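Take a look at the structure below.
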Amino acid sequence: MQGRINYCTTFGWEYTREMIALPDNEKYRQALSLIDEAELVELTRALVRIPSVYRHGVDGANEGKVAAAVADKLRAIGMEVAVEEVEPGRPNIVGVYDFGRPGPCLLFEGHTDVVKEGDLSDWEHDPFGAAVVGRRIYGRGTADMKGGLAAAIIAANGLIQSGLPLKGKLMIAALIDEEEMMVGAKHFALSPRAKEIDAAVICEPEDNQICAVQKGGMLAEIHFSGKMAHGCMPYAGINPIWTMAETITALRQLEKSYIERWGENPYVGFPSITPTIIQSPGKTEPHINMIPAEGMIALDIRTIPGQCHDEIERDMQEIVAGLTRDDAAGKAVLRVLEKRPCTDTALDEPVIRSLEAAIRAVTGREPQYNGVPGLTDGTFLANLAGIPVVTIGPGGRTIPHQANEYVEIDQLTEAARIYAVAAVEFLGLAGE
């Protein structure tokens with residue numbers, strides 16, 4: 001670092017930024033010389049100001065407007081852009097820049113949807129105002145993950161404008177629905193375009209740490225049926241709540257057995273089985289003096305490398321069958337809604353080696369390694385398309401989905417610089 005200066009732009013906001021020394025390596029210097037922090041901050045703010053929460057049944061409440069803004073920006077920096085509608089009004093945006101020389105294809109991936117803002121009284125700043133306070137930008141999606149997407153776009157712009165004789169192709173994908181069923185990632189992973197990709201960088205908020213491992217997940221529901229009766233005459237009905245309680249207890253023991261068997265993964269921790277919804281009755285109104293006819297337990301199951309999702313399903317089926325053998329316990333049906341396997345990319349993959357070199361060059365520090373505790377679009381890029389994926393991006397790991405979400409401008413700029421240098425390393429230069 002070379003000290004601080006006050007920096008004011010024509011965008012009407014002022015902040016203090018670090019003067020960052022460029023690396024001695026000439027190709028890195030060229031890659032970084034055109035990355036403009038002010039442009040990066042303003043792009044992030046512009047994307048955050050466009051609400052892109054998907055609200056079921058609300059016309060226009062989706063990713064459409066922010067997707068259009070991303071498409072316009074990608075065209076402006078010289079990329080060929082495809083708009084691929086996955087659901088009505090909800091398009092994936094894919095930008096490609098072909099450097100005109102044979103070589104690999106590197107993808108930077110982000111999503112355009114954000115989670116709901118929650119109670120506005122919990123926010124100190126407008127969740128869609130993108131306020132700059134000191135060296136932070138506040139708002140829903142600053143960290144998760146419009147900041148990371150903006151960093152990838154600005155990095156790509158720097159590379160395209162630099163004139164470096166890079167090989168291969170650079171691709172940016174901005175996909176819908178990551179916060180729910182990831183239909184955008186599934187659509188993209190099964191498209192012919194995915195077959196072109198040699199590696200993918202998922203730009204999720206991970207404090208700019210290299211995350212080669214991410215947890216897997218299963219979403220499941222267990223539906224219970226009994227017989228309605230008056231609460232003072234339980235013998236006249238079948239109370240599903242007792243079976244629900246026993247099922248939860250059995251699942252807690254199953255989780256403990258998995259922890260004992262699989263232990264703690266150094267990057268993503270322990271496996272888990274978490275009841276997230278306990279509901280009874282289901283369709284009818286509850287009464288304190290009435291035994292319900294049905295109930296439901298929803299489960300968020302997280303797995304670590306080595307676990308088999310089919311085995312977990314069999315174990316849960318055995319629990320449900322064992323607890324409902326007696327007619328007095330009612331009936332129960334397990335429904336697995338989705339299986340999302342872990343990803344575990346080898347540390348010697350070229351994309352990870354490229355990121356390591358970039359972090360050393362940009363920050364002067366050794367890379368830090370971690371794992372993604374949740375799921376990302378990379379889950380399906382890896383498991384449906386066979387693409388080596390690594391997650392790294394700006395924003396605190398614990399910040400997403402909270403009120404007063406923010407991204408540090410220093411991390412944002414650092415991410416763009418890391419992405420640019422990693423792309424140079426991965427794609428390579430003509431003649432090398």
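Note on naming: chains are A, B, ... as they come in the structure tokens, residues start from 1 per chain, ligands start from 1 in the order shown.
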
Strand (DSSP E) residues, from DSSP on the backbone, in stretch 66-223 of chain A, as a ChimeraX atom specification: /A:80-87,90-98,105-111,131-133,136-138,169-175,199-202,210-214,216-223

Could you take the residues named above and write them with C-alpha atoms, as a PDB file, in the first residue's frame?
```pdb
ATOM      1  CA  GLU A  80     -21.449 -10.934 -26.804  1.00  0.00           C
ATOM      2  CA  VAL A  81     -24.594 -11.330 -24.692  1.00  0.00           C
ATOM      3  CA  ALA A  82     -27.265 -14.041 -24.647  1.00  0.00           C
ATOM      4  CA  VAL A  83     -30.566 -13.506 -22.819  1.00  0.00           C
ATOM      5  CA  GLU A  84     -31.999 -16.926 -22.001  1.00  0.00           C
ATOM      6  CA  GLU A  85     -35.456 -16.874 -20.447  1.00  0.00           C
ATOM      7  CA  VAL A  86     -35.757 -19.637 -17.864  1.00  0.00           C
ATOM      8  CA  GLU A  87     -39.196 -18.652 -16.585  1.00  0.00           C
ATOM      9  CA  ARG A  90     -36.778 -14.301 -15.421  1.00  0.00           C
ATOM     10  CA  PRO A  91     -33.812 -14.606 -17.796  1.00  0.00           C
ATOM     11  CA  ASN A  92     -30.298 -15.903 -17.322  1.00  0.00           C
ATOM     12  CA  ILE A  93     -27.737 -13.491 -18.755  1.00  0.00           C
ATOM     13  CA  VAL A  94     -24.550 -14.890 -20.298  1.00  0.00           C
ATOM     14  CA  GLY A  95     -21.756 -12.708 -21.628  1.00  0.00           C
ATOM     15  CA  VAL A  96     -18.845 -14.129 -23.648  1.00  0.00           C
ATOM     16  CA  TYR A  97     -15.654 -12.503 -24.861  1.00  0.00           C
ATOM     17  CA  ASP A  98     -13.566 -14.510 -27.295  1.00  0.00           C
ATOM     18  CA  CYS A 105     -12.857 -20.939 -21.196  1.00  0.00           C
ATOM     19  CA  LEU A 106     -13.120 -19.428 -17.702  1.00  0.00           C
ATOM     20  CA  LEU A 107     -16.503 -18.602 -16.188  1.00  0.00           C
ATOM     21  CA  PHE A 108     -17.252 -16.039 -13.482  1.00  0.00           C
ATOM     22  CA  GLU A 109     -20.714 -16.771 -12.084  1.00  0.00           C
ATOM     23  CA  GLY A 110     -23.154 -14.812  -9.957  1.00  0.00           C
ATOM     24  CA  HIS A 111     -26.881 -14.682  -9.318  1.00  0.00           C
ATOM     25  CA  ALA A 131     -25.741   4.086   0.763  1.00  0.00           C
ATOM     26  CA  VAL A 132     -21.986   4.618   0.949  1.00  0.00           C
ATOM     27  CA  VAL A 133     -20.872   5.125   4.545  1.00  0.00           C
ATOM     28  CA  ARG A 136     -18.835   0.374   3.067  1.00  0.00           C
ATOM     29  CA  ILE A 137     -21.825   0.066   0.757  1.00  0.00           C
ATOM     30  CA  TYR A 138     -25.067  -0.880   2.545  1.00  0.00           C
ATOM     31  CA  LYS A 169     -12.721 -17.160 -23.765  1.00  0.00           C
ATOM     32  CA  LEU A 170     -13.953 -15.269 -20.737  1.00  0.00           C
ATOM     33  CA  MET A 171     -17.571 -15.849 -19.738  1.00  0.00           C
ATOM     34  CA  ILE A 172     -19.812 -14.156 -17.173  1.00  0.00           C
ATOM     35  CA  ALA A 173     -23.127 -15.757 -16.172  1.00  0.00           C
ATOM     36  CA  ALA A 174     -25.722 -13.936 -14.074  1.00  0.00           C
ATOM     37  CA  LEU A 175     -28.327 -16.543 -13.173  1.00  0.00           C
ATOM     38  CA  ALA A 199     -13.508 -23.953 -14.834  1.00  0.00           C
ATOM     39  CA  ALA A 200     -15.860 -21.681 -12.906  1.00  0.00           C
ATOM     40  CA  VAL A 201     -15.305 -19.067 -10.218  1.00  0.00           C
ATOM     41  CA  ILE A 202     -18.424 -18.590  -8.087  1.00  0.00           C
ATOM     42  CA  ILE A 210     -10.478 -19.822  -1.620  1.00  0.00           C
ATOM     43  CA  CYS A 211     -13.324 -22.273  -1.000  1.00  0.00           C
ATOM     44  CA  ALA A 212     -12.760 -25.496  -2.900  1.00  0.00           C
ATOM     45  CA  VAL A 213     -15.317 -27.478  -0.869  1.00  0.00           C
ATOM     46  CA  GLN A 214     -18.977 -26.756  -0.316  1.00  0.00           C
ATOM     47  CA  GLY A 216     -24.247 -30.671  -0.013  1.00  0.00           C
ATOM     48  CA  GLY A 217     -27.879 -30.568   0.941  1.00  0.00           C
ATOM     49  CA  MET A 218     -31.172 -32.391   0.887  1.00  0.00           C
ATOM     50  CA  LEU A 219     -34.591 -30.815   1.262  1.00  0.00           C
ATOM     51  CA  ALA A 220     -37.270 -33.144   2.582  1.00  0.00           C
ATOM     52  CA  GLU A 221     -40.727 -33.202   4.100  1.00  0.00           C
ATOM     53  CA  ILE A 222     -42.423 -35.888   6.178  1.00  0.00           C
ATOM     54  CA  HIS A 223     -46.226 -35.785   6.004  1.00  0.00           C
TER      55      HIS A 223
END
```

Sel. of helix (DSSP H, G or I) residues, stretch 314-351 of chain A, as a ChimeraX atom specification: /A:314-323,327-329,350-351

I need the residues from that last selection saved to file as a CSV table (one decimal), in the first residue's frame (with C-alpha atoms), if you can.
```csv
chain,number,residue,atom,x,y,z
A,314,ARG,CA,-33.0,-45.0,3.2
A,315,ASP,CA,-32.1,-44.3,6.8
A,316,MET,CA,-34.9,-41.8,7.1
A,317,GLN,CA,-37.4,-44.2,5.4
A,318,GLU,CA,-36.5,-46.8,8.0
A,319,ILE,CA,-37.2,-44.4,10.8
A,320,VAL,CA,-40.6,-43.4,9.3
A,321,ALA,CA,-41.6,-47.0,8.6
A,322,GLY,CA,-40.5,-48.2,12.1
A,323,LEU,CA,-42.5,-45.5,13.9
A,327,ASP,CA,-52.0,-48.4,13.2
A,328,ALA,CA,-52.4,-46.3,16.4
A,329,ALA,CA,-49.4,-44.1,15.2
A,350,PRO,CA,-5.5,-25.0,-12.6
A,351,VAL,CA,-8.3,-22.6,-11.5
```

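Minimum distance to A:Cys203 across A:Gln30, A:Thr112, A:Gln279, A:Thr345 (counting only C-alpha atoms) occurs at A:Thr112.
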
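When atom CA of A:Gly129 is paired with atom CA of A:Arg75, their separation reads 25.3 Å.
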
Nearest candidate to A:Gly378 (options A:Asp300, A:Glu180, A:Asp344, A:Asp113; using only C-alpha atoms): A:Asp344

Test item: residues at most 10 Å from A:His287, only C-alpha atoms, excluding those fewer than 5 positions along its chain, as a PyMOL selection string: chain A and resi 230-231+281+292

Selection above as a file: N, CA and C atoms, as an mmCIF file, in the first residue's frame:
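The new file result-v3.cif reads:
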```
data_model
loop_
_atom_site.group_PDB
_atom_site.id
_atom_site.type_symbol
_atom_site.label_atom_id
_atom_site.label_comp_id
_atom_site.auth_asym_id
_atom_site.auth_seq_id
_atom_site.Cartn_x
_atom_site.Cartn_y
_atom_site.Cartn_z
ATOM 1 N N HIS A 230 -61.886 -35.030 19.494
ATOM 2 C CA HIS A 230 -61.918 -34.051 20.586
ATOM 3 C C HIS A 230 -60.711 -34.290 21.498
ATOM 4 N N GLY A 231 -60.109 -33.165 21.963
ATOM 5 C CA GLY A 231 -58.928 -33.294 22.810
ATOM 6 C C GLY A 231 -59.185 -33.999 24.125
ATOM 7 N N PRO A 281 -52.264 -28.520 12.748
ATOM 8 C CA PRO A 281 -52.684 -29.168 11.500
ATOM 9 C C PRO A 281 -52.083 -28.473 10.285
ATOM 10 N N PRO A 292 -55.484 -32.834 15.705
ATOM 11 C CA PRO A 292 -55.455 -32.587 14.258
ATOM 12 C C PRO A 292 -55.418 -33.881 13.461
#
```

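Separating atom CA of A:Leu40 from atom CA of A:Ala151 is a distance of 6.5 Å.
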
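The closest residue to A:Thr376, picked from A:Leu337, A:Leu299, A:Ala357, A:Cys342 and counting only C-alpha atoms, is A:Cys342.
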
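With only C-alpha atoms as the atoms that count, the residue of A:Leu251, A:Ala31, A:Trp242, A:Arg140 with the shortest distance to A:His401 is A:Arg140.
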
Nearest to A:Ala185, chosen from A:Leu427, A:Ala416, A:Cys232, A:Leu384, with only C-alpha atoms counted in the distances: A:Leu384

Select from stretch 332-384 of chain A every residue with an atom at most 7 Å from any atom of stretch 253-273 of chain A, then for each give the shortest pair of atoms and their distance in Å to one decimal, using only C-alpha atoms, rows by chain and rising number, as a tab-separated table.
```
residue	atom	partner	partner_atom	distance
A:Asn370	CA	A:Tyr267	CA	5.1
A:Gly371	CA	A:Tyr267	CA	4.5
A:Val372	CA	A:Val268	CA	6.3
A:Pro373	CA	A:Val268	CA	5.5
```

For stretch 17-73 of chain A against stretch 115-122 of chain A, with a cut-off of 9 Å and counting only C-alpha atoms, what is the closest atom pair and its distance in Å to one decimal for every residue that makes the cut, ordered by chain and number, as a tab-separated table?
```
residue	atom	partner	partner_atom	distance
A:Ser52	CA	A:Val115	CA	8.3
A:Val53	CA	A:Val115	CA	5.7
A:Tyr54	CA	A:Val115	CA	7.8
A:Arg55	CA	A:Lys116	CA	8.5
```

Keeping only C-alpha atoms, write those residues as a tab-separated table (two decimals), in the first residue's frame.
```tsv
chain	number	residue	atom	x	y	z
A	52	SER	CA	-34.67	-8.25	-7.42
A	53	VAL	CA	-36.47	-10.24	-4.75
A	54	TYR	CA	-38.57	-12.95	-6.34
A	55	ARG	CA	-42.02	-12.63	-4.80
```

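Nearest to A:Gly396 of all the residues A:Pro205, A:Pro104, A:Pro51, A:Gly134 is A:Pro205, based on only C-alpha atoms.
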
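Here atom CA of A:Pro305 stands at a distance of 16.2 Å from atom CA of A:Gly386.
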
Surrounding residues of A:Asn383 excluding itself and chain neighbours under 5 positions, 10 Å, only C-alpha atoms, as a PyMOL selection string: chain A and resi 186+189+340-343+378+388-389

Neighbours of A:Gly295 within 12 Å (only C-alpha atoms; same-chain residues fewer than 3 positions away dropped), as an mmCIF file with C-alpha atoms, in the first residue's frame?
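The resulting selection_0.cif:
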```
data_model
loop_
_atom_site.group_PDB
_atom_site.id
_atom_site.type_symbol
_atom_site.label_atom_id
_atom_site.label_comp_id
_atom_site.auth_asym_id
_atom_site.auth_seq_id
_atom_site.Cartn_x
_atom_site.Cartn_y
_atom_site.Cartn_z
ATOM 1 C CA GLU A 221 -40.727 -33.202 4.100
ATOM 2 C CA ILE A 222 -42.423 -35.888 6.178
ATOM 3 C CA HIS A 223 -46.226 -35.785 6.004
ATOM 4 C CA PHE A 224 -48.188 -37.417 8.831
ATOM 5 C CA SER A 225 -51.856 -38.424 8.877
ATOM 6 C CA GLY A 226 -54.029 -39.348 11.836
ATOM 7 C CA LYS A 227 -57.653 -39.012 12.791
ATOM 8 C CA MET A 228 -59.340 -35.887 14.104
ATOM 9 C CA ILE A 238 -55.127 -40.805 16.149
ATOM 10 C CA ASN A 239 -52.849 -37.940 17.149
ATOM 11 C CA PRO A 240 -50.075 -37.462 14.535
ATOM 12 C CA ILE A 241 -48.211 -35.063 16.822
ATOM 13 C CA TRP A 242 -46.938 -37.920 19.007
ATOM 14 C CA THR A 243 -45.446 -39.626 15.943
ATOM 15 C CA MET A 244 -43.997 -36.319 14.760
ATOM 16 C CA ALA A 245 -42.270 -35.852 18.116
ATOM 17 C CA THR A 247 -39.647 -38.832 14.476
ATOM 18 C CA ILE A 277 -40.886 -26.338 9.952
ATOM 19 C CA ILE A 278 -43.153 -28.257 12.338
ATOM 20 C CA GLN A 279 -46.776 -27.799 11.330
ATOM 21 C CA SER A 280 -49.972 -29.361 12.601
ATOM 22 C CA PRO A 281 -52.684 -29.168 11.500
ATOM 23 C CA GLY A 282 -51.808 -28.477 7.920
ATOM 24 C CA LYS A 283 -54.781 -27.311 5.881
ATOM 25 C CA THR A 284 -57.355 -26.690 8.617
ATOM 26 C CA PRO A 286 -56.071 -25.309 14.781
ATOM 27 C CA ILE A 291 -56.621 -33.443 17.806
ATOM 28 C CA PRO A 292 -55.455 -32.587 14.258
ATOM 29 C CA ALA A 298 -39.691 -29.970 6.903
ATOM 30 C CA GLY A 330 -51.140 -43.151 11.953
ATOM 31 C CA LYS A 331 -49.374 -42.968 8.618
ATOM 32 C CA ALA A 332 -46.327 -41.054 7.410
ATOM 33 C CA VAL A 333 -44.794 -40.407 3.994
#
```
